[in-house]
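File shown: input09.pdb (PDB, C-alpha atoms).
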```
MODEL        1
ATOM      1  CA  MET A 255     116.632 112.214 118.813
ATOM      2  CA  LEU A 256     115.371 115.037 121.015
ATOM      3  CA  GLU A 257     118.902 115.618 122.240
ATOM      4  CA  ASN A 258     120.002 116.098 118.642
ATOM      5  CA  PHE A 259     120.884 119.750 118.153
ATOM      6  CA  TYR A 260     119.329 119.585 114.689
ATOM      7  CA  ALA A 261     115.889 118.388 115.882
ATOM      8  CA  TYR A 262     112.879 120.658 115.485
ATOM      9  CA  ARG A 263     109.397 120.371 116.914
ATOM     10  CA  LEU A 264     106.665 121.899 114.846
ATOM     11  CA  MET A 265     102.936 122.032 115.178
ATOM     12  CA  VAL A 266     101.094 119.823 112.730
ATOM     13  CA  SER A 267      99.907 121.964 109.827
ATOM     14  CA  VAL A 268      97.564 119.381 108.381
ATOM     15  CA  THR A 269      95.571 116.792 110.263
ATOM     16  CA  PRO A 270      96.498 113.148 109.471
ATOM     17  CA  ALA A 271      92.825 112.687 108.524
ATOM     18  CA  ASP A 272      93.814 114.634 105.393
ATOM     19  CA  LEU A 273      96.121 111.784 104.397
ATOM     20  CA  GLU A 274      97.218 113.050 101.007
ATOM     21  CA  TYR A 275      97.850 116.608 102.235
ATOM     22  CA  TYR A 276      99.653 115.465 105.396
ATOM     23  CA  THR A 277     102.194 113.682 103.229
ATOM     24  CA  GLY A 278     102.279 116.637 100.852
ATOM     25  CA  TRP A 279     103.293 118.808 103.802
ATOM     26  CA  LEU A 280     105.964 116.300 104.872
ATOM     27  CA  ASN A 281     107.286 116.062 101.287
ATOM     28  CA  GLU A 282     107.664 119.836 101.212
ATOM     29  CA  MET A 283     109.427 119.843 104.577
ATOM     30  CA  ALA A 284     111.870 117.207 103.287
ATOM     31  CA  ALA A 285     112.576 119.366 100.237
ATOM     32  CA  LYS A 286     113.634 122.040 102.739
ATOM     33  CA  GLY A 287     115.833 119.572 104.612
ATOM     34  CA  LEU A 288     113.509 118.685 107.505
ATOM     35  CA  TYR A 289     112.702 115.001 107.877
ATOM     36  CA  PHE A 290     109.978 113.430 110.008
ATOM     37  CA  VAL A 291     111.237 111.692 113.156
ATOM     38  CA  LYS A 292     108.097 111.152 115.192
ATOM     39  CA  ALA A 293     104.632 112.529 115.824
ATOM     40  CA  GLN A 294     103.365 113.282 119.321
ATOM     41  CA  GLY A 295      99.837 114.612 119.378
ATOM     42  CA  GLU A 296      99.797 118.024 117.720
ATOM     43  CA  LEU A 297     103.601 118.176 117.430
ATOM     44  CA  VAL A 298     105.925 116.573 114.908
ATOM     45  CA  THR A 299     109.654 116.246 115.548
ATOM     46  CA  PHE A 300     111.855 116.845 112.509
ATOM     47  CA  GLU A 301     115.527 116.273 111.985
ATOM     48  CA  ARG A 302     117.673 118.342 109.656
ATOM     49  CA  ASP A 303     119.402 116.601 106.770
ATOM     50  CA  THR A 304     120.247 117.239 103.115
ATOM     51  CA  PRO A 305     117.179 118.552 101.259
ATOM     52  CA  ALA A 306     115.829 115.995  98.787
ATOM     53  CA  GLN A 307     112.741 115.023  96.821
ATOM     54  CA  VAL A 308     111.268 112.123  98.752
ATOM     55  CA  ARG A 309     107.845 110.528  99.051
ATOM     56  CA  TYR A 310     105.988 109.964 102.276
ATOM     57  CA  HIS A 311     102.932 107.765 102.507
ATOM     58  CA  LEU A 312     100.454 107.695 105.385
ATOM     59  CA  GLU A 313      98.732 104.329 105.615
ATOM     60  CA  PRO A 314      95.629 103.805 107.785
ATOM     61  CA  ASN A 315      96.005 100.871 110.169
ATOM     62  CA  SER A 316      93.698  98.254 108.732
ATOM     63  CA  PRO A 317      93.178  94.484 108.859
ATOM     64  CA  PHE A 318      95.273  94.343 105.668
ATOM     65  CA  SER A 319      98.437  95.740 107.244
ATOM     66  CA  HIS A 320     100.694  93.204 108.945
ATOM     67  CA  PRO A 321     104.044  93.924 110.629
ATOM     68  CA  GLU A 322     105.607  91.091 108.600
ATOM     69  CA  ARG A 323     104.836  93.032 105.411
ATOM     70  CA  GLU A 324     107.336  95.708 106.479
ATOM     71  CA  GLU A 325     110.209  93.724 105.018
ATOM     72  CA  ASP A 326     108.351  93.374 101.695
ATOM     73  CA  TYR A 327     107.692  97.109 101.656
ATOM     74  CA  ARG A 328     111.332  97.815 102.430
ATOM     75  CA  GLU A 329     112.439  95.582  99.550
ATOM     76  CA  GLN A 330     110.249  97.682  97.254
ATOM     77  CA  GLY A 331     111.728 100.916  98.505
ATOM     78  CA  TRP A 332     109.363 101.929 101.326
ATOM     79  CA  LYS A 333     110.720 102.243 104.873
ATOM     80  CA  CYS A 334     108.373 102.232 107.838
ATOM     81  CA  LEU A 335     108.937 105.303 110.042
ATOM     82  CA  GLY A 336     106.443 104.425 112.743
ATOM     83  CA  PRO A 337     103.010 105.394 113.971
ATOM     84  CA  VAL A 338     101.224 108.686 113.551
ATOM     85  CA  GLY A 339      98.671 108.622 116.337
ATOM     86  CA  ARG A 340      96.813 105.373 116.902
ATOM     87  CA  ASP A 341      95.300 105.117 113.465
ATOM     88  CA  PHE A 342      98.115 105.577 110.944
ATOM     89  CA  THR A 343     101.592 104.363 110.014
ATOM     90  CA  LEU A 344     104.022 106.517 108.054
ATOM     91  CA  TYR A 345     106.303 105.262 105.276
ATOM     92  CA  LEU A 346     109.137 106.970 103.434
ATOM     93  CA  SER A 347     110.691 106.306 100.072
ATOM     94  CA  LYS A 348     113.900 108.055  99.035
ATOM     95  CA  ASN A 349     114.135 106.007  95.840
ATOM     96  CA  PRO A 350     112.494 107.784  92.883
ATOM     97  CA  ASP A 351     112.235 104.429  91.045
ATOM     98  CA  ALA A 352     110.252 102.758  93.826
ATOM     99  CA  PRO A 353     106.652 102.062  92.771
ATOM    100  CA  PRO A 354     103.942 104.171  94.421
ATOM    101  CA  PHE A 355     102.718 102.598  97.646
ATOM    102  CA  HIS A 356      99.250 102.311  96.174
ATOM    103  CA  THR A 357      98.576 102.006  92.453
ATOM    104  CA  ASP A 358      94.852 101.202  92.638
ATOM    105  CA  PRO A 359      92.550 103.873  94.147
ATOM    106  CA  VAL A 360      89.660 101.425  94.630
ATOM    107  CA  ALA A 361      91.866  98.974  96.537
ATOM    108  CA  GLN A 362      93.301 101.878  98.530
ATOM    109  CA  SER A 363      89.775 102.884  99.568
ATOM    110  CA  TYR A 364      89.401  99.577 101.433
ATOM    111  CA  THR A 365      92.183 100.578 103.828
ATOM    112  CA  LEU A 366      89.905 103.361 105.101
ATOM    113  CA  ASP A 367      86.928 101.121 105.926
ATOM    114  CA  ARG A 368      87.961 100.096 109.439
ATOM    115  CA  LEU A 369      89.085 103.626 110.313
ATOM    116  CA  ILE A 370      85.781 105.108 109.169
ATOM    117  CA  LYS A 371      83.837 102.500 111.109
ATOM    118  CA  ILE A 372      85.706 103.342 114.333
ATOM    119  CA  TRP A 373      85.546 107.115 113.856
ATOM    120  CA  THR A 374      81.857 106.990 112.956
ATOM    121  CA  SER A 375      81.136 105.013 116.129
ATOM    122  CA  TRP A 376      82.986 107.562 118.247
ATOM    123  CA  PHE A 377      81.231 110.439 116.494
ATOM    124  CA  LEU A 378      77.792 108.906 117.056
ATOM    125  CA  LEU A 379      78.655 108.279 120.698
ATOM    126  CA  LEU A 380      79.641 111.915 121.014
ATOM    127  CA  VAL A 381      76.362 113.017 119.457
ATOM    128  CA  LEU A 382      74.438 110.767 121.869
ATOM    129  CA  LEU A 383      76.315 112.083 124.898
ATOM    130  CA  ILE A 384      75.681 115.689 123.922
ATOM    131  CA  ALA A 385      72.044 114.956 123.140
ATOM    132  CA  GLU A 386      71.698 113.169 126.497
ATOM    133  CA  GLY A 387      73.165 116.184 128.294
ATOM    134  CA  ILE A 388      70.807 118.566 126.517
ATOM    135  CA  PHE A 389      67.808 116.349 127.233
ATOM    136  CA  ARG A 390      68.762 115.938 130.886
ATOM    137  CA  ASP A 391      69.113 119.701 131.376
ATOM    138  CA  LEU A 392      65.814 120.419 129.662
ATOM    139  CA  TRP A 393      64.062 117.693 131.683
ATOM    140  CA  ARG A 394      65.411 118.812 135.049
ATOM    141  CA  TYR A 395      65.813 122.539 134.696
ATOM    142  CA  HIS A 396      63.673 123.348 131.638
ATOM    143  CA  PHE A 397      66.725 125.170 130.423
ATOM    144  CA  TYR A 398      69.836 124.230 128.437
ATOM    145  CA  HIS A 399      72.953 126.180 129.240
ATOM    146  CA  PHE A 400      74.611 126.412 125.848
ATOM    147  CA  THR A 401      78.422 126.302 125.783
ATOM    148  CA  LEU A 402      80.729 126.490 122.808
ATOM    149  CA  PHE A 403      82.392 123.268 123.883
ATOM    150  CA  ASP A 404      79.687 120.976 122.491
ATOM    151  CA  PRO A 405      79.589 122.337 118.930
ATOM    152  CA  LEU A 406      83.386 122.723 118.901
ATOM    153  CA  ILE A 407      84.033 119.128 119.862
ATOM    154  CA  LEU A 408      81.412 117.962 117.363
ATOM    155  CA  CYS A 409      82.987 120.040 114.601
ATOM    156  CA  SER A 410      86.474 118.750 115.397
ATOM    157  CA  ALA A 411      85.374 115.106 115.341
ATOM    158  CA  GLY A 412      83.093 115.657 112.376
ATOM    159  CA  TYR A 413      85.795 117.465 110.411
ATOM    160  CA  SER A 414      88.190 114.496 110.553
ATOM    161  CA  LEU A 415      85.438 112.018 109.748
ATOM    162  CA  PHE A 416      84.244 114.156 106.832
ATOM    163  CA  LYS A 417      87.776 114.275 105.398
ATOM    164  CA  VAL A 418      88.277 110.519 105.318
ATOM    165  CA  LEU A 419      84.741 109.893 104.075
ATOM    166  CA  ARG A 420      85.298 112.286 101.200
ATOM    167  CA  LEU A 421      88.655 110.696 100.366
ATOM    168  CA  ARG A 422      87.151 107.202 100.397
ATOM    169  CA  LYS A 423      84.337 108.293  98.107
ATOM    170  CA  ARG A 424      86.826 109.692  95.585
ATOM    171  CA  LEU A 425      89.017 106.602  95.769
ATOM    172  CA  ARG A 426      86.008 104.299  95.285
ATOM    173  CA  MET A 427      85.209 106.216  92.105
ATOM    174  CA  GLY A 428      88.700 105.381  90.887
ATOM    175  CA  ILE A 429      90.107 108.865  91.400
ATOM    176  CA  PRO A 430      93.672 108.652  92.732
ATOM    177  CA  PRO A 431      94.617 110.832  95.715
ATOM    178  CA  SER A 432      96.191 114.187  94.946
ATOM    179  CA  ASP A 433      99.931 114.753  95.265
ATOM    180  CA  GLY A 434      99.203 116.887  98.311
ATOM    181  CA  THR A 435     101.095 119.952  97.126
ATOM    182  CA  ASP A 436      97.990 122.037  97.834
ATOM    183  CA  TRP A 437      98.204 121.272 101.578
ATOM    184  CA  ARG A 438      98.016 124.965 102.560
ATOM    185  CA  ARG A 439      94.503 125.292 101.154
ATOM    186  CA  ALA A 440      93.506 121.956 102.691
ATOM    187  CA  SER A 441      94.751 123.049 106.116
ATOM    188  CA  LEU A 442      92.505 126.113 106.153
ATOM    189  CA  GLY A 443      89.615 124.278 107.818
ATOM    190  CA  ARG A 444      91.894 122.926 110.517
ATOM    191  CA  ARG A 445      93.370 126.373 111.176
ATOM    192  CA  LEU A 446      89.886 127.849 111.541
ATOM    193  CA  LEU A 447      88.989 125.111 114.019
ATOM    194  CA  LEU A 448      92.177 125.739 115.997
ATOM    195  CA  LEU A 449      91.382 129.457 116.044
ATOM    196  CA  ALA A 450      87.886 128.670 117.335
ATOM    197  CA  TRP A 451      89.347 126.482 120.095
ATOM    198  CA  LEU A 452      91.817 129.212 121.004
ATOM    199  CA  ALA A 453      89.028 131.789 121.154
ATOM    200  CA  TYR A 454      87.017 129.442 123.377
ATOM    201  CA  LEU A 455      89.942 128.908 125.748
ATOM    202  CA  VAL A 456      90.534 132.672 125.961
ATOM    203  CA  TYR A 457      86.832 133.179 126.668
ATOM    204  CA  LEU A 458      86.985 130.515 129.424
ATOM    205  CA  ALA A 459      90.065 132.099 130.965
ATOM    206  CA  VAL A 460      88.470 135.550 130.936
ATOM    207  CA  SER A 461      85.214 134.181 132.395
ATOM    208  CA  LEU A 462      87.073 132.494 135.245
ATOM    209  CA  TRP A 463      89.100 135.594 135.926
ATOM    210  CA  LEU A 464      86.006 137.808 136.027
TER     211      LEU A 464
ATOM    212  CA  MET B 253      72.513 102.539  99.791
ATOM    213  CA  GLY B 254      76.128 102.644  98.504
ATOM    214  CA  ARG B 255      77.500 100.223  95.979
ATOM    215  CA  LYS B 256      78.726  96.955  97.483
ATOM    216  CA  THR B 257      82.481  96.483  97.639
ATOM    217  CA  LEU B 258      83.883  94.285  94.863
ATOM    218  CA  GLU B 259      80.727  94.788  92.808
ATOM    219  CA  THR B 260      82.994  95.711  89.915
ATOM    220  CA  LEU B 261      86.652  94.799  89.982
ATOM    221  CA  SER B 262      89.405  97.259  89.226
ATOM    222  CA  GLU B 263      92.018  96.181  86.703
ATOM    223  CA  GLY B 264      94.549  95.291  89.399
ATOM    224  CA  MET B 265      92.013  93.147  91.234
ATOM    225  CA  PHE B 266      91.011  91.372  88.057
ATOM    226  CA  TYR B 267      94.592  90.453  87.252
ATOM    227  CA  VAL B 268      95.222  89.216  90.795
ATOM    228  CA  LEU B 269      92.356  86.759  90.350
ATOM    229  CA  MET B 270      93.766  85.810  86.952
ATOM    230  CA  ALA B 271      97.163  85.145  88.507
ATOM    231  CA  LEU B 272      95.585  82.572  90.826
ATOM    232  CA  LEU B 273      93.356  80.969  88.212
ATOM    233  CA  HIS B 274      95.647  78.092  87.341
ATOM    234  CA  ALA B 275      98.293  78.122  90.054
ATOM    235  CA  GLN B 276      98.886  78.840  93.709
ATOM    236  CA  ARG B 277     101.121  81.858  94.097
ATOM    237  CA  CYS B 278     102.586  84.075  96.786
ATOM    238  CA  GLY B 279     102.378  87.867  96.741
ATOM    239  CA  THR B 280     105.674  88.456  94.966
ATOM    240  CA  GLU B 281     104.817  85.891  92.285
ATOM    241  CA  ILE B 282     101.393  87.465  91.773
ATOM    242  CA  ALA B 283     102.936  90.910  91.283
ATOM    243  CA  ALA B 284     105.479  89.480  88.828
ATOM    244  CA  PHE B 285     102.739  87.616  86.916
ATOM    245  CA  VAL B 286     100.600  90.734  86.584
ATOM    246  CA  GLU B 287     103.483  92.883  85.405
ATOM    247  CA  GLU B 288     104.600  90.286  82.866
ATOM    248  CA  ARG B 289     101.072  89.501  81.622
ATOM    249  CA  THR B 290     100.227  93.161  81.056
ATOM    250  CA  GLY B 291     103.637  94.116  79.702
ATOM    251  CA  GLY B 292     104.138  96.513  82.602
ATOM    252  CA  ARG B 293     100.832  98.301  81.993
ATOM    253  CA  VAL B 294      99.414  97.214  85.346
ATOM    254  CA  ARG B 295     101.753  97.532  88.311
ATOM    255  CA  LEU B 296     100.736  96.549  91.793
ATOM    256  CA  GLY B 297     102.217  98.823  94.419
ATOM    257  CA  PRO B 298     103.189  97.040  97.662
ATOM    258  CA  GLY B 299     100.266  98.500  99.590
ATOM    259  CA  THR B 300      97.832  97.755  96.789
ATOM    260  CA  LEU B 301      98.907  94.120  96.415
ATOM    261  CA  TYR B 302      98.476  93.217 100.080
ATOM    262  CA  THR B 303      95.272  95.220 100.403
ATOM    263  CA  ILE B 304      93.768  93.326  97.461
ATOM    264  CA  LEU B 305      94.919  89.985  98.854
ATOM    265  CA  GLY B 306      93.545  90.866 102.284
ATOM    266  CA  LYS B 307      90.230  92.029 100.856
ATOM    267  CA  PHE B 308      89.871  88.926  98.667
ATOM    268  CA  GLU B 309      90.626  86.717 101.646
ATOM    269  CA  GLU B 310      88.046  88.594 103.704
ATOM    270  CA  GLU B 311      85.463  88.100 100.945
ATOM    271  CA  ALA B 312      86.457  84.410 100.602
ATOM    272  CA  LEU B 313      87.507  84.799  96.981
ATOM    273  CA  ILE B 314      90.945  83.403  97.796
ATOM    274  CA  ARG B 315      92.353  81.325 100.621
ATOM    275  CA  GLU B 316      95.787  81.006 102.113
ATOM    276  CA  THR B 317      97.235  77.558 101.480
ATOM    277  CA  ALA B 318     100.762  77.766 102.938
ATOM    278  CA  VAL B 319     102.884  80.018 105.119
ATOM    279  CA  GLN B 320     106.675  79.850 105.019
ATOM    280  CA  GLY B 321     108.085  82.675 107.098
ATOM    281  CA  ARG B 322     106.972  85.868 105.351
ATOM    282  CA  LYS B 323     105.885  84.015 102.238
ATOM    283  CA  ARG B 324     102.161  83.282 102.083
ATOM    284  CA  THR B 325     100.724  81.269  99.216
ATOM    285  CA  TYR B 326      97.174  81.730  97.985
ATOM    286  CA  GLN B 327      94.715  79.910  95.766
ATOM    287  CA  LEU B 328      91.375  80.855  94.250
ATOM    288  CA  THR B 329      88.231  79.517  95.929
ATOM    289  CA  GLY B 330      85.144  78.367  94.034
ATOM    290  CA  GLU B 331      83.568  81.727  94.744
ATOM    291  CA  GLY B 332      86.696  83.445  93.436
ATOM    292  CA  LYS B 333      86.506  81.509  90.177
ATOM    293  CA  GLU B 334      82.853  82.481  89.784
ATOM    294  CA  ARG B 335      83.662  86.114  90.469
ATOM    295  CA  TYR B 336      86.481  86.021  87.927
ATOM    296  CA  GLN B 337      84.226  84.453  85.293
ATOM    297  CA  ALA B 338      81.471  87.014  85.994
ATOM    298  CA  GLU B 339      83.991  89.793  85.387
ATOM    299  CA  VAL B 340      85.197  88.177  82.156
ATOM    300  CA  ASP B 341      81.565  87.949  80.966
ATOM    301  CA  ARG B 342      80.980  91.602  81.860
ATOM    302  CA  LEU B 343      84.104  92.677  79.966
ATOM    303  CA  ARG B 344      83.049  90.584  76.941
ATOM    304  CA  ARG B 345      79.655  92.311  76.904
ATOM    305  CA  CYS B 346      81.360  95.705  77.094
ATOM    306  CA  LEU B 347      83.666  94.769  74.225
ATOM    307  CA  ALA B 348      80.779  93.418  72.132
ATOM    308  CA  ASP B 349      78.812  96.638  72.689
ATOM    309  CA  ALA B 350      81.846  98.724  71.739
ATOM    310  CA  GLU B 351      82.485  96.707  68.561
ATOM    311  CA  GLU B 352      78.812  96.893  67.566
ATOM    312  CA  GLU B 353      78.850 100.651  68.128
ATOM    313  CA  SER B 354      81.966 101.112  66.020
ATOM    314  CA  LEU B 355      80.424  99.178  63.097
ATOM    315  CA  CYS B 356      77.424 101.521  62.913
TER     316      CYS B 356
ENDMDL
END
```

Will you turn the file into structure tokens for me?
Amino acid sequence: MLENFYAYRLMVSVTPADLEYYTGWLNEMAAKGLYFVKAQGELVTFERDTPAQVRYHLEPNSPFSHPEREEDYREQGWKCLGPVGRDFTLYLSKNPDAPPFHTDPVAQSYTLDRLIKIWTSWFLLLVLLIAEGIFRDLWRYHFYHFTLFDPLILCSAGYSLFKVLRLRKRLRMGIPPSDGTDWRRASLGRRLLLLAWLAYLVYLAVSLWL
Amino acid sequence: MGRKTLETLSEGMFYVLMALLHAQRCGTEIAAFVEERTGGRVRLGPGTLYTILGKFEEEALIRETAVQGRKRTYQLTGEGKERYQAEVDRLRRCLADAEEESLC
């Protein structure tokens, strides 16, 4: 695919943790003729084809998803495109008559349970490691050398966790996910975080140089 | 403390239990039953159907009775029947309250 002259690699505009807006972004790209091929970290490879109104769906990997279901999904109009990171699988439907992937918000909320459990564990571990570092410095040197790295990494991890927690809460209340067309507004937080990381890296580079 | 999962059943979940009340069925048959029973009002998307079945199996409300290739057949457990009946009773109370309110 990468050898295809019509392939494009673009930076992810919306984090996959913002499930509904990630697919909203992909839907808009497809309407412009750019179709998802694969995701690699912060980059997504697109392939050019005829613009069309399609539907993408990002499904969290959960105990309820089995590879053998793929054929059932395909029969109902949803094709599996592959993984997005370790935690999600992307589906595409080009058939406007295909039923929505999920029709019950409460049931859909259960697909987020395992993901939230894992991400919460990692976040708490991160908090413990940072706290341990602070405590160790204060104990040994009576001084904590503050760096931007700790709060930045906490914000990045916390941001993703917050997004899925908020989505699950809304789904549990029976509120269906949005159509994702407002992905630009939703991506604002991520862009601010990326800017903060960029500023930190510039600061590091300047510090090393000086 | 948050509400327990499956404390109240959504409409789709309720009809999945109903589909297994008197017969063992596979996923496709459950979806067809629900659509026919509700006259198309309740549709189970592919992700929703298998999530509900997986969740019910996890909570021991249903059990898998046969596997033939991709086709898995399910039946209601005793706990599933109790849960279904509890939901029917809850809906009856809601309906009775609504009818009493409309007579006033």

Mind running chain B against chain A at 7 Å and telling me each contacting residue's nearest atom pair with the distance in Å (one decimal), counting only C-alpha atoms, chain and number ascending, as a tab-separated table?
```
residue	atom	partner	partner_atom	distance
B:Ser262	CA	A:Val360	CA	6.8
B:Gly264	CA	A:Asp358	CA	6.7
B:Arg295	CA	A:Thr357	CA	6.9
B:Leu296	CA	A:Thr357	CA	5.9
B:Gly297	CA	A:His356	CA	4.9
B:Pro298	CA	A:Phe355	CA	5.6
B:Gly299	CA	A:Phe355	CA	5.2
B:Thr300	CA	A:His356	CA	4.8
B:Tyr302	CA	A:Phe318	CA	6.5
B:Thr303	CA	A:Phe318	CA	5.3
B:Ile304	CA	A:Ala361	CA	6.0
B:Gly306	CA	A:Phe318	CA	5.2
B:Arg322	CA	A:Glu322	CA	6.3
```

Nearest residue to Lys333 of chain B from the set B:Gly279, B:Glu259, B:Ala312, B:Cys346 (distances using all atoms listed in the file):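 For Lys333 of chain B, the nearest of the candidates is B:Ala312.
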
From A:Ala284, A:Leu346, A:Leu442, A:Leu366, residue lying nearest Thr269 of chain A [only C-alpha atoms]: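 Under the stated criterion, the closest residue is A:Leu442.
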
Given the PyMOL selection byres ((chain A and resi 264) around 6), the residues it picks as a list in words: Arg263, Met265, Leu297 and Val298 of chain A

Keeping only C-alpha atoms, take the residues you just selected and write them out as a compact mmCIF listing (two decimals), in the coordinates of the input.
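Contents of part00.txt, as written:
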```
# COMPACT_ATOMS: atom_id res chain seq x y z
CA ARG A 263 109.40 120.37 116.91
CA MET A 265 102.94 122.03 115.18
CA LEU A 297 103.60 118.18 117.43
CA VAL A 298 105.92 116.57 114.91
```

Length of the atom CA of Gly387 of chain A to atom CA of Thr401 of chain A vector [Å]: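 Separating atom CA of Gly387 of chain A from atom CA of Thr401 of chain A is a distance of 11.7 Å.
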
Evaluate the PyMOL selection byres ((chain A and resi 278-280) around 10) and report residues as an MDAnalysis selection string: chainID A and resid 266:268 272:277 281:286 288:290 300 308:311 346 432:438 441

Close residues, Thr290 of chain B itself excluded, 12 Å, all atoms listed in the file, min 5 positions apart in chain, as an NGL selection string: :B and (263-264 or 266-268 or 270-271 or 283-285 or 295-296)

Reference answer for the PyMOL selection byres ((chain A and resi 377) around 12), as JSON, numbers by chain: {"A": [370, 371, 372, 373, 374, 375, 376, 378, 379, 380, 381, 382, 383, 384, 407, 408, 409, 410, 411, 412, 413, 414, 415, 416]}

All residues 10 Å or closer to Thr329 of chain B, all atoms listed in the file, same chain fewer than 2 positions away omitted, as a PyMOL selection string: chain B and resi 272-273+308-309+312-316+326-327+331-335

Option closest in space to Lys348 of chain A, from A:Pro314, A:Pro305, A:Gly295, A:Pro321 [counting all atoms listed in the file]: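 Result for the nearest residue to Lys348 of chain A: A:Pro305.
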
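Between atom CA of Gln294 of chain A and atom CA of Pro337 of chain A the separation is 9.5 Å.
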
Straight-line distance linking atom CA of Ile429 of chain A with atom CA of Met265 of chain B, stated in Å to one decimal: 15.8 Å
